[in-house]
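Asks: work_9.csv is reproduced below (CSV, C-alpha atoms and all ligand atoms).
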chain,number,residue,atom,x,y,z
A,1,MET,CA,47.6,22.1,67.3
A,2,TRP,CA,44.3,22.4,65.5
A,3,ILE,CA,44.4,23.0,61.9
A,4,HIS,CA,41.2,24.6,60.5
A,5,ALA,CA,40.1,23.4,57.1
A,6,PRO,CA,39.9,26.3,54.7
A,7,SER,CA,36.3,27.3,54.1
A,8,HIS,CA,36.9,28.9,50.7
A,9,GLY,CA,33.4,29.9,50.0
A,10,ARG,CA,31.0,31.1,52.6
A,11,ILE,CA,29.4,33.3,49.9
A,12,PHE,CA,28.6,30.1,47.9
A,13,ASP,CA,27.3,28.3,51.0
A,14,ARG,CA,24.9,31.3,51.6
A,15,LEU,CA,23.7,31.3,48.0
A,16,VAL,CA,23.0,27.6,48.0
A,17,GLU,CA,21.1,28.0,51.3
A,18,GLU,CA,19.0,30.8,49.7
A,19,HIS,CA,18.3,28.6,46.7
A,20,ARG,CA,16.9,26.0,49.1
A,21,GLN,CA,14.8,28.7,50.9
A,22,ILE,CA,13.3,29.9,47.6
A,23,VAL,CA,12.3,26.3,46.6
A,24,ALA,CA,10.6,25.9,50.0
A,25,MET,CA,8.8,29.2,49.4
A,26,PHE,CA,7.5,27.9,46.1
A,27,ASP,CA,6.2,24.8,47.8
A,28,ARG,CA,4.5,26.9,50.4
A,29,ALA,CA,2.9,29.0,47.7
A,30,LEU,CA,1.6,26.0,45.9
A,31,ALA,CA,0.1,24.6,49.0
A,32,GLN,CA,-1.9,27.7,49.9
A,33,PRO,CA,-5.7,26.9,50.1
A,34,THR,CA,-7.0,30.4,49.2
A,35,PRO,CA,-6.3,32.8,46.3
A,36,GLU,CA,-5.3,35.5,48.8
A,37,GLY,CA,-2.8,33.1,50.4
A,38,CYS,CA,-1.4,32.3,47.0
A,39,ALA,CA,-1.1,35.9,46.0
A,40,ALA,CA,0.7,36.8,49.3
A,41,ALA,CA,3.0,33.8,49.1
A,42,PHE,CA,3.9,34.6,45.5
A,43,ALA,CA,4.6,38.3,46.3
A,44,GLU,CA,7.0,37.1,48.9
A,45,ILE,CA,8.8,34.8,46.4
A,46,ALA,CA,9.1,37.6,43.8
A,47,HIS,CA,10.4,40.1,46.4
A,48,PHE,CA,13.1,37.7,47.7
A,49,LEU,CA,14.0,36.1,44.3
A,50,ARG,CA,14.6,39.5,42.7
A,51,ALA,CA,16.8,40.7,45.6
A,52,HIS,CA,18.8,37.4,45.5
A,53,GLU,CA,19.3,37.6,41.7
A,54,ARG,CA,20.1,41.3,41.7
A,55,ALA,CA,22.8,40.8,44.4
A,56,GLU,CA,24.2,37.8,42.5
A,57,GLU,CA,24.4,39.9,39.4
A,58,GLU,CA,25.9,42.9,41.0
A,59,ILE,CA,28.4,41.3,43.4
A,60,LEU,CA,29.3,37.8,42.3
A,61,TYR,CA,28.9,37.7,38.5
A,62,PRO,CA,31.3,40.6,37.8
A,63,GLU,CA,34.0,38.7,39.7
A,64,LEU,CA,33.6,35.8,37.2
A,65,GLU,CA,32.8,37.4,34.0
A,66,GLY,CA,36.4,37.7,32.8
A,67,SER,CA,37.2,34.0,33.4
A,68,ARG,CA,38.0,31.9,30.4
A,69,GLU,CA,36.5,28.8,32.0
A,70,ILE,CA,33.3,30.1,33.3
A,71,GLY,CA,32.8,33.6,31.8
A,72,ASP,CA,30.4,32.3,29.1
A,73,HIS,CA,28.4,30.6,31.8
A,74,VAL,CA,27.9,33.9,33.6
A,75,ALA,CA,26.3,35.2,30.4
A,76,GLU,CA,24.0,32.2,30.3
A,77,ASP,CA,23.0,32.7,33.9
A,78,ARG,CA,22.2,36.3,33.3
A,79,ARG,CA,19.9,35.1,30.4
A,80,GLU,CA,18.3,32.6,32.8
A,81,HIS,CA,17.6,35.4,35.3
A,82,ALA,CA,15.9,37.4,32.6
A,83,ASP,CA,13.7,34.4,31.8
A,84,LEU,CA,12.8,34.0,35.4
A,85,GLU,CA,11.9,37.7,35.6
A,86,ALA,CA,9.7,37.4,32.5
A,87,ARG,CA,7.9,34.4,34.0
A,88,MET,CA,7.3,36.3,37.3
A,89,ARG,CA,5.8,39.2,35.4
A,90,VAL,CA,3.3,36.9,33.6
A,91,LEU,CA,2.3,35.5,37.0
A,92,GLU,CA,2.0,38.9,38.6
A,93,ALA,CA,-0.6,39.9,36.0
A,94,LEU,CA,-2.6,36.7,36.6
A,95,PRO,CA,-5.2,36.2,39.3
A,96,PRO,CA,-4.3,33.2,41.5
A,97,ASP,CA,-7.8,31.8,41.1
A,98,SER,CA,-7.3,31.4,37.3
A,99,GLY,CA,-6.7,27.8,36.2
A,100,ALA,CA,-3.3,28.7,34.8
A,101,TRP,CA,-1.8,30.0,38.0
A,102,SER,CA,-0.7,26.8,39.6
A,103,PRO,CA,0.8,25.2,36.5
A,104,LEU,CA,2.7,28.4,35.7
A,105,VAL,CA,4.0,28.7,39.3
A,106,ARG,CA,5.1,25.0,39.0
A,107,ASP,CA,6.8,25.8,35.7
A,108,LEU,CA,8.6,28.8,37.3
A,109,ARG,CA,9.6,26.6,40.2
A,110,ASP,CA,11.1,24.0,37.8
A,111,ALA,CA,12.9,26.7,35.8
A,112,PHE,CA,14.3,28.1,39.1
A,113,VAL,CA,15.4,24.6,40.3
A,114,ARG,CA,17.2,24.0,36.9
A,115,HIS,CA,18.9,27.4,37.1
A,116,ALA,CA,20.0,27.0,40.7
A,117,ALA,CA,21.3,23.5,40.1
A,118,ASP,CA,23.2,24.7,37.0
A,119,GLU,CA,24.6,27.7,38.9
A,120,GLU,CA,25.7,25.5,41.8
A,121,GLN,CA,27.3,22.8,39.7
A,122,VAL,CA,29.0,24.9,37.1
A,123,LEU,CA,29.5,28.5,38.4
A,124,PHE,CA,29.9,28.0,42.1
A,125,ALA,CA,31.9,24.8,41.8
A,126,GLY,CA,34.2,26.5,39.3
A,127,ALA,CA,34.4,29.7,41.4
A,128,ARG,CA,34.9,28.2,44.8
A,129,THR,CA,38.6,27.6,44.2
A,130,ARG,CA,39.2,31.1,42.8
A,131,PHE,CA,38.7,33.0,46.0
A,132,GLY,CA,40.7,32.8,49.2
A,133,ASP,CA,38.8,32.9,52.5
A,134,ASP,CA,39.2,36.6,53.0
A,135,ARG,CA,37.9,37.4,49.5
A,136,SER,CA,35.0,35.0,50.0
A,137,GLU,CA,34.2,36.6,53.3
A,138,LEU,CA,34.2,40.1,51.9
A,139,LEU,CA,32.0,39.0,49.0
A,140,LEU,CA,29.6,37.5,51.4
A,141,ILE,CA,29.3,40.8,53.3
A,142,GLU,CA,28.9,42.8,50.1
A,143,TYR,CA,26.3,40.3,48.8
A,144,GLU,CA,24.2,40.6,52.0
A,145,MET,CA,24.4,44.4,52.0
A,146,ASP,CA,23.3,44.5,48.3
A,147,ARG,CA,20.5,42.0,48.8
A,148,ASP,CA,19.2,43.7,52.0
A,149,LEU,CA,19.2,47.1,50.2
A,150,ALA,CA,17.2,45.5,47.3
A,151,LEU,CA,14.7,43.9,49.9
A,152,LYS,CA,14.3,47.3,51.5
A,153,HIS,CA,13.7,49.4,48.4
A,154,SER,CA,11.5,47.2,46.3
B,1,FE,FE,20.9,32.9,40.0
Starting from the coordinates I provided, produce the structure as structure tokens.
Ligand SMILES: [Fe+2]
Replies:
Amino acid sequence: MWIHAPSHGRIFDRLVEEHRQIVAMFDRALAQPTPEGCAAAFAEIAHFLRAHERAEEEILYPELEGSREIGDHVAEDRREHADLEARMRVLEALPPDSGAWSPLVRDLRDAFVRHAADEEQVLFAGARTRFGDDRSELLLIEYEMDRDLALKHS
């Protein structure tokens, strides 16, 4: 008889995968040879990053906010989302051919990498064991619906 190992966390596997996708999008934006290419690549990052973060905040964070162990960390992650948003707004007001564009995109990439690593190591690691497979599967479906709605309407 086959015994399937419990997956306990397809929602987290998906979020980690999206973190990797976003880092790859930053690398593509930084490698663009023209200002138009930079602007288009950055618009794509901002669109996807906002949808990802909104869905995390609306679907995942409320599940963890009441936790004694990681509740405080959720508040910290919300602050980090606000910081990433502020950095994106600065960049959206800046022409890509200005000398500050690449260094600021690199700073935003680094801030995102730090945030994602922290989320993965503290929040997701702490939360993985809290949800059974069914709950995790349901959260994944809700997350994807919320993210796709954000992608469609922004
Ligand atoms: Fe996040």
Asks: Find the residues near ligand FE 1 (chain B). Use a cut-off of 7 Å, count all atoms listed in the file, and write them as a list in words.
Replies: Glu53, Glu56, Asp77, His81, His115, Ala116 and Glu119 of chain A
Asks: Could you check which of A:Glu92, A:Asp107, A:Asp97, A:Glu76 is closest to Thr34 in chain A, using only C-alpha atoms?
Replies: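 Looking only at the distances to Thr34 in chain A, the closest residue turns out to be A:Asp97.
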Asks: Have a look at A:Gly66, A:Pro96, A:Leu84, A:Asp118 and name the one nearest to Ala40 in chain A; count all atoms listed in the file.
Replies: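 For Ala40 in chain A, the nearest of the candidates is A:Pro96.
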Asks: Please write as an MDAnalysis selection string the list of polymer residues whose atoms come within 9 Å of (14.9, 38.6, 47.6), counting only C-alpha atoms and keeping to the coordinates of the file.
Replies: chainID A and resid 22 44:55 147:148 150:151
Asks: Tell me, in Å to one decimal, how far CA of Ala82 in chain A is from CA of Val113 in chain A.
Replies: 14.9 Å
Asks: I'd like to know which of A:Pro103, A:Gly132, A:Pro95, A:Tyr143 is closest to Gly37 in chain A, using all atoms listed in the file.
Replies: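 Using all atoms listed in the file, Gly37 in chain A sits closest to A:Pro95.
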Asks: Env of Glu142 in chain A: 8 Å cut, atoms = all atoms listed in the file, seq-sep filter 4 positions within chain, self excluded. Answer as a ChimeraX atom specification.
Replies: /A:59,138,146
Asks: Please, could you write that set of residues out with C-alpha atoms as a PDB file, in the coordinates of the input?
Replies:
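Generated output (result-v3.pdb):
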ATOM      1  CA  ILE A  59      28.400  41.300  43.400  1.00  0.00           C
ATOM      2  CA  LEU A 138      34.200  40.100  51.900  1.00  0.00           C
ATOM      3  CA  ASP A 146      23.300  44.500  48.300  1.00  0.00           C
TER       4      ASP A 146
END
Asks: Which residue gives the smallest distance to Asp83 in chain A among A:Ala111, A:Leu30, A:Arg106, A:Trp101, with all atoms listed in the file counted?
Replies: A:Ala111
Asks: Provide the CA of Asp133 in chain A to CA of Arg20 in chain A distance in Å, to one decimal place.
Replies: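 That distance, rounded to one decimal, is 23.2 Å.
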Asks: Mind checking which residues fall within 12 Å of Gly71 in chain A, counting only C-alpha atoms, ignoring those fewer than 5 positions away in the same chain, and posting them as a PDB file with C-alpha atoms, keeping the file's coordinate frame?
Replies:
ATOM      1  CA  LEU A  60      29.300  37.800  42.300  1.00  0.00           C
ATOM      2  CA  TYR A  61      28.900  37.700  38.500  1.00  0.00           C
ATOM      3  CA  PRO A  62      31.300  40.600  37.800  1.00  0.00           C
ATOM      4  CA  GLU A  63      34.000  38.700  39.700  1.00  0.00           C
ATOM      5  CA  LEU A  64      33.600  35.800  37.200  1.00  0.00           C
ATOM      6  CA  GLU A  65      32.800  37.400  34.000  1.00  0.00           C
ATOM      7  CA  GLY A  66      36.400  37.700  32.800  1.00  0.00           C
ATOM      8  CA  GLU A  76      24.000  32.200  30.300  1.00  0.00           C
ATOM      9  CA  ASP A  77      23.000  32.700  33.900  1.00  0.00           C
ATOM     10  CA  ARG A  78      22.200  36.300  33.300  1.00  0.00           C
ATOM     11  CA  VAL A 122      29.000  24.900  37.100  1.00  0.00           C
ATOM     12  CA  LEU A 123      29.500  28.500  38.400  1.00  0.00           C
ATOM     13  CA  GLY A 126      34.200  26.500  39.300  1.00  0.00           C
ATOM     14  CA  ALA A 127      34.400  29.700  41.400  1.00  0.00           C
TER      15      ALA A 127
END
Asks: Rank A:Gly9, A:Leu140, A:Arg87, A:Glu69 by their smallest atom-to-atom distance to Leu104 in chain A, using all atoms listed in the file, and report the top residue only.
Replies: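 Once distances to Leu104 in chain A are computed over all atoms listed in the file, the minimum belongs to A:Arg87.
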Asks: Mind pulling up the distance from CA of Ala43 in chain A to CA of Leu139 in chain A?
Replies: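 Taking CA of Leu139 in chain A and CA of Ala43 in chain A, their separation equals 27.5 Å.
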Asks: Go through A:Arg114, A:Ala93, A:Glu120, A:Ile141 and flag the residue nearest Glu80 in chain A, using all atoms listed in the file for the distances.
Replies: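 Closest residue, counting all atoms listed in the file: A:Arg114.
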